[in-house]
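Colleague: Structure below; questions to follow.
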Amino acid sequence: MVREYYEKICAGDEIRANLIRLRDELKEESNRREFAYLLGGDFSLLCSLLQQEDPKVRKNVALVLGKLESEDLLPILFEAYKKEETLYIRADYLKAMSGLDFRPLSEELRERLSSLRDVDDWQPEEWKHVSEEIRILQAMVLRCQGIRHHRFGGGREREDVILLTNRRQREATAEQIQKKSRITMLAGDIRVDGAVLKEIRAIRTYSEMLFPLKVEALPADQPDRCGVMLADPVLSLTDRIYNGSGTFLFRLELRGGDKDPSGKDADQMIHVGTYKEKKNSFLRRISDALERASGTRLLNSVTDYEIEIRLVLRKDGTFAAMLKPSSDFDERFAYRKEHLPTSIAPVNAALVAHLALPWLKEGAQILDPFCGVGTMLIERNYACKAGTMYGLDLFGEAVDKAIRNTRRAGLLVNYINRDFFTFRHEYPFDEVITDMPRSTGDGSKSALRQLYHDFFARVVDFLAEKAVLVIYTQEPNYVVESVRAVPALRIEKHFLLNEKNSTMVFIILRGNESL
């Protein structure tokens, strides 16, 4: 088909339509190789089409040329771009050049970007296209010059923050915060006024830390106004909490919409009164205004961003605004580079360990019989320094990942690729902590229930006197049934984490006396 479309283009047969078809074919690498071989380095016909009167022909041939990834085409595309007067296709020339080594053009690209930003009287329809051109130019310039990422510098002595936590166990996080801070329990979060950031960053039981931006209610039907209002509060905060000032890369995140006011699905449309606009276009208008109002100290970037500006739609049609720092700011779980789809989230493992803290002891010998990628053992050690730790898993890939995660955490765990039911150990364990399996090989509930019964019947043989079991499970009924069948075990306490999927943590003791 590549040859057929090209031959029709050469014959002047429906040039625009066949360029579009050729573009679609060139999405496949094998077709790109075939086309390059067909051309044999002769781009003259395609380049001549850059002079065509029809702007859509120019647009599509530029994109076809970009697919060829030939550096010889860069000056030709750039000259055509500079001469192009049709606003809506200029961005396509840049897209075509983006796959080439455009670094020699860095200074000219920077000047072009600056000249576009200096114009402040674009008409709305013009700005729609110019803003896209600016975004692509900006990304190209950043690739040429790079950008220095900022590091957390401690900020002021105290800041106001919102901590997203487990809704049922907010107190587990609140109790770790200094009493000098003012704590307010929200629906599923905790607001901390006057938080000491160094202290908060060390707490492992919250999933996200957000900084509420000190800005008036943002009118959700005025995206341009939102961008202008956000500029100073965002810069004021970033300059406080990061070392140095300079340029920050950001992304916008919208929570709240017509499908799910809680913010879990705002991907389709947002509705406020008579205002209705697609999400991406709406966010683009905010980010464009924010970039201009900040003097380009804030630059929108879909990748490699340093901060997330989160807008949450209120019922009254305004936005609350919060800032989430980059992953460099939150390094609590930096060790967890390796995971599997079934792996427990590090924050959940940290919460399990914290809830179990009254029953844990330093220097304990610990076993995780279903260790996965090692997260539970690592977080157990963070909560209370352990002695010798063993991790078992039947899945060899999980054990390999656990070893690498544990090395990054600076710990030593004895990982063994083995089924718990064939495991042998000479000395008893003080603690067993684990995330119980959610399924078995055949996927049946009866088999999973039997696994629970078999596990608790056997695990008692590995336990020292007054040993502790910390069990994270989505099958609490199986735990209760199984423990009742083992006289040496009793449930000391349980914690509900998620009522929707019945996730619970059980503290189970061996022996008749409480620790």
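Each chain in the structure tokens gets a letter, A, B, ..., in the order shown, and its residues are numbered from 1; ligands are numbered from 1 in order too.
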List the spatial neighbours of segment 457-462 of chain A as an MDAnalysis selection string - criterion: any atom at most 7 Å away, only C-alpha atoms, same-chain residues fewer than 2 positions off excluded.
Modeller: chainID A and resid 428:429 453:455 464 486
Colleague: Name the residues in contact with segment 22-25 of chain A at a cut-off of 8 Å, using only C-alpha atoms, excluding same-chain residues fewer than 5 positions from it; report them as an mmCIF file with all heavy atoms, in the first residue's frame.
Modeller:
```
data_model
loop_
_atom_site.group_PDB
_atom_site.id
_atom_site.type_symbol
_atom_site.label_atom_id
_atom_site.label_comp_id
_atom_site.auth_asym_id
_atom_site.auth_seq_id
_atom_site.Cartn_x
_atom_site.Cartn_y
_atom_site.Cartn_z
ATOM 1 N N MET A 1 0.823 -1.212 0.000
ATOM 2 C CA MET A 1 0.000 0.000 0.000
ATOM 3 C C MET A 1 0.858 1.264 0.000
ATOM 4 O O MET A 1 0.474 2.273 -0.559
ATOM 5 C CB MET A 1 -0.930 -0.008 1.220
ATOM 6 C CG MET A 1 -1.933 -1.151 1.231
ATOM 7 S SD MET A 1 -2.991 -1.161 -0.234
ATOM 8 C CE MET A 1 -3.996 0.291 0.028
ATOM 9 N N VAL A 2 2.041 1.203 0.636
ATOM 10 C CA VAL A 2 2.923 2.371 0.672
ATOM 11 C C VAL A 2 3.296 2.782 -0.747
ATOM 12 O O VAL A 2 3.214 3.959 -1.123
ATOM 13 C CB VAL A 2 4.190 2.069 1.515
ATOM 14 C CG1 VAL A 2 5.235 3.153 1.307
ATOM 15 C CG2 VAL A 2 3.831 1.970 2.987
ATOM 16 N N TYR A 5 0.203 4.278 -2.656
ATOM 17 C CA TYR A 5 -0.146 5.649 -2.278
ATOM 18 C C TYR A 5 0.879 6.642 -2.809
ATOM 19 O O TYR A 5 0.538 7.727 -3.282
ATOM 20 C CB TYR A 5 -0.252 5.769 -0.755
ATOM 21 C CG TYR A 5 -1.389 4.969 -0.153
ATOM 22 C CD1 TYR A 5 -1.262 4.374 1.105
ATOM 23 C CD2 TYR A 5 -2.596 4.803 -0.824
ATOM 24 C CE1 TYR A 5 -2.290 3.637 1.672
ATOM 25 C CE2 TYR A 5 -3.629 4.059 -0.274
ATOM 26 C CZ TYR A 5 -3.465 3.477 0.969
ATOM 27 O OH TYR A 5 -4.489 2.745 1.515
ATOM 28 N N TYR A 6 2.152 6.269 -2.746
ATOM 29 C CA TYR A 6 3.195 7.181 -3.210
ATOM 30 C C TYR A 6 3.100 7.386 -4.722
ATOM 31 O O TYR A 6 3.266 8.508 -5.226
ATOM 32 C CB TYR A 6 4.568 6.644 -2.836
ATOM 33 C CG TYR A 6 5.694 7.574 -3.244
ATOM 34 C CD1 TYR A 6 5.773 8.866 -2.745
ATOM 35 C CD2 TYR A 6 6.667 7.138 -4.154
ATOM 36 C CE1 TYR A 6 6.800 9.717 -3.125
ATOM 37 C CE2 TYR A 6 7.696 7.989 -4.543
ATOM 38 C CZ TYR A 6 7.764 9.275 -4.032
ATOM 39 O OH TYR A 6 8.773 10.124 -4.412
ATOM 40 N N ASN A 31 6.730 -0.421 7.548
ATOM 41 C CA ASN A 31 6.308 0.400 6.412
ATOM 42 C C ASN A 31 7.235 1.595 6.220
ATOM 43 O O ASN A 31 7.479 2.030 5.082
ATOM 44 C CB ASN A 31 4.873 0.880 6.602
ATOM 45 C CG ASN A 31 3.866 -0.261 6.478
ATOM 46 O OD1 ASN A 31 4.171 -1.291 5.875
ATOM 47 N ND2 ASN A 31 2.692 -0.082 7.051
ATOM 48 N N ARG A 32 7.760 2.134 7.322
ATOM 49 C CA ARG A 32 8.707 3.253 7.194
ATOM 50 C C ARG A 32 9.986 2.789 6.507
ATOM 51 O O ARG A 32 10.553 3.494 5.667
ATOM 52 C CB ARG A 32 9.014 3.844 8.575
ATOM 53 C CG ARG A 32 7.838 4.566 9.203
ATOM 54 C CD ARG A 32 8.269 5.469 10.341
ATOM 55 N NE ARG A 32 8.835 4.736 11.462
ATOM 56 C CZ ARG A 32 8.121 4.239 12.463
ATOM 57 N NH1 ARG A 32 6.804 4.375 12.461
ATOM 58 N NH2 ARG A 32 8.704 3.609 13.469
ATOM 59 N N ASN A 60 0.295 17.680 5.792
ATOM 60 C CA ASN A 60 0.461 16.231 5.758
ATOM 61 C C ASN A 60 1.796 15.802 5.168
ATOM 62 O O ASN A 60 2.384 14.818 5.613
ATOM 63 C CB ASN A 60 -0.707 15.588 4.999
ATOM 64 C CG ASN A 60 -1.976 15.553 5.835
ATOM 65 O OD1 ASN A 60 -2.065 14.802 6.792
ATOM 66 N ND2 ASN A 60 -2.944 16.400 5.490
ATOM 67 N N LEU A 63 4.392 16.118 7.897
ATOM 68 C CA LEU A 63 4.337 15.009 8.850
ATOM 69 C C LEU A 63 4.883 13.717 8.240
ATOM 70 O O LEU A 63 5.512 12.912 8.926
ATOM 71 C CB LEU A 63 2.901 14.816 9.334
ATOM 72 C CG LEU A 63 2.355 15.972 10.199
ATOM 73 C CD1 LEU A 63 0.856 15.813 10.431
ATOM 74 C CD2 LEU A 63 3.095 16.039 11.528
ATOM 75 N N VAL A 64 4.665 13.510 6.946
ATOM 76 C CA VAL A 64 5.249 12.351 6.262
ATOM 77 C C VAL A 64 6.766 12.445 6.255
ATOM 78 O O VAL A 64 7.473 11.476 6.546
ATOM 79 C CB VAL A 64 4.699 12.241 4.821
ATOM 80 C CG1 VAL A 64 5.547 11.259 4.000
ATOM 81 C CG2 VAL A 64 3.248 11.783 4.836
#
```
Colleague: I need the residue nearest His354 of chain A from this list: A:Ile309, A:Met376, A:Leu448, A:Ile136. Use only C-alpha atoms for the distance.
Modeller: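 Smallest separation from His354 of chain A among the options: A:Met376.
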Colleague: May I ask which of the residues A:Ala402, A:Leu411, A:Met209, A:Leu357 is the closest one to Phe329 of chain A, counting only C-alpha atoms?
Modeller: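 Counting only C-alpha atoms, the residue closest to Phe329 of chain A is A:Met209.
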Colleague: Between atom CA of Arg418 of chain A and atom CA of Ala485 of chain A, measure the distance and give it in Å to one decimal.
Modeller: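 According to the coordinates, atom CA of Arg418 of chain A and atom CA of Ala485 of chain A are separated by 25.7 Å.
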Colleague: I'd like to know which of A:Glu362, A:Glu481, A:Glu475, A:Asp400 is closest to Arg438 of chain A, using only C-alpha atoms.
Modeller: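 Distance minimum relative to Arg438 of chain A lands on A:Glu475.
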Colleague: Looking at only C-alpha atoms, which of A:Leu313, A:Cys47, A:Val413, A:Leu235 is the one that sits closest to Pro75 of chain A?
Modeller: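 Closest candidate: A:Cys47.
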Colleague: Would you please give, as a PyMOL selection string, all residues of segment 140-367 of chain A that DSSP assigns to strand (DSSP E or B) based on the backbone?
Modeller: chain A and resi 152+159-165+182-185+189-195+206-212+218-219+242+248-255+269-272+275-278+298-300+307-313+318-325+366-367
Colleague: Report as a PyMOL selection string all protein, DNA and RNA residues lying within 12 Å of Thr422 of chain A, evaluated on only C-alpha atoms, omitting residues in the same chain fewer than 2 positions from it.
Modeller: chain A and resi 369+392-394+416-420+424-425+455+458-459
Colleague: Show which residues sit within 8 Å of segment 151-168 of chain A, as a ChimeraX atom specification. Count only C-alpha atoms, and ignore same-chain residues fewer than 4 positions away.
Modeller: /A:173,187-198,205-212,240-243,328-329,496-498
Colleague: When DSSP is applied to the backbone of this structure, which of segment 206-251 of chain A are assigned helix (DSSP H, G or I)? Write them out as a PyMOL selection string.
Modeller: chain A and resi 223-241
Colleague: Using only C-alpha atoms, please write the residues we just selected to a file, as a PDB file, in the first residue's frame.
Modeller:
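Output below, filename out_36.pdb:
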```
ATOM      1  CA  PRO A 223     -10.197  29.233  32.998  1.00  0.00           C
ATOM      2  CA  ASP A 224      -8.077  32.202  31.951  1.00  0.00           C
ATOM      3  CA  ARG A 225      -8.856  33.975  35.208  1.00  0.00           C
ATOM      4  CA  CYS A 226      -7.967  30.806  37.133  1.00  0.00           C
ATOM      5  CA  GLY A 227      -4.516  30.756  35.567  1.00  0.00           C
ATOM      6  CA  VAL A 228      -3.855  34.393  36.464  1.00  0.00           C
ATOM      7  CA  MET A 229      -5.033  33.906  40.052  1.00  0.00           C
ATOM      8  CA  LEU A 230      -2.848  30.832  40.560  1.00  0.00           C
ATOM      9  CA  ALA A 231       0.481  32.311  39.443  1.00  0.00           C
ATOM     10  CA  ASP A 232       1.560  34.225  42.561  1.00  0.00           C
ATOM     11  CA  PRO A 233       0.396  31.644  45.156  1.00  0.00           C
ATOM     12  CA  VAL A 234       2.152  28.810  43.292  1.00  0.00           C
ATOM     13  CA  LEU A 235       5.415  30.733  42.918  1.00  0.00           C
ATOM     14  CA  SER A 236       5.304  31.895  46.516  1.00  0.00           C
ATOM     15  CA  LEU A 237       4.989  28.314  47.755  1.00  0.00           C
ATOM     16  CA  THR A 238       7.538  26.742  45.414  1.00  0.00           C
ATOM     17  CA  ASP A 239      10.110  29.402  46.260  1.00  0.00           C
ATOM     18  CA  ARG A 240       9.633  28.632  49.957  1.00  0.00           C
ATOM     19  CA  ILE A 241       9.825  24.862  49.919  1.00  0.00           C
TER      20      ILE A 241
END
```
Colleague: Interatomic distance between atom CA of Asp120 of chain A and atom CA of Ile286 of chain A?
Modeller: 15.8 Å
Colleague: Please compute the atom CA of Gly372 of chain A-atom CA of Lys401 of chain A distance, one decimal, in Å.
Modeller: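 That distance, rounded to one decimal, is 8.2 Å.
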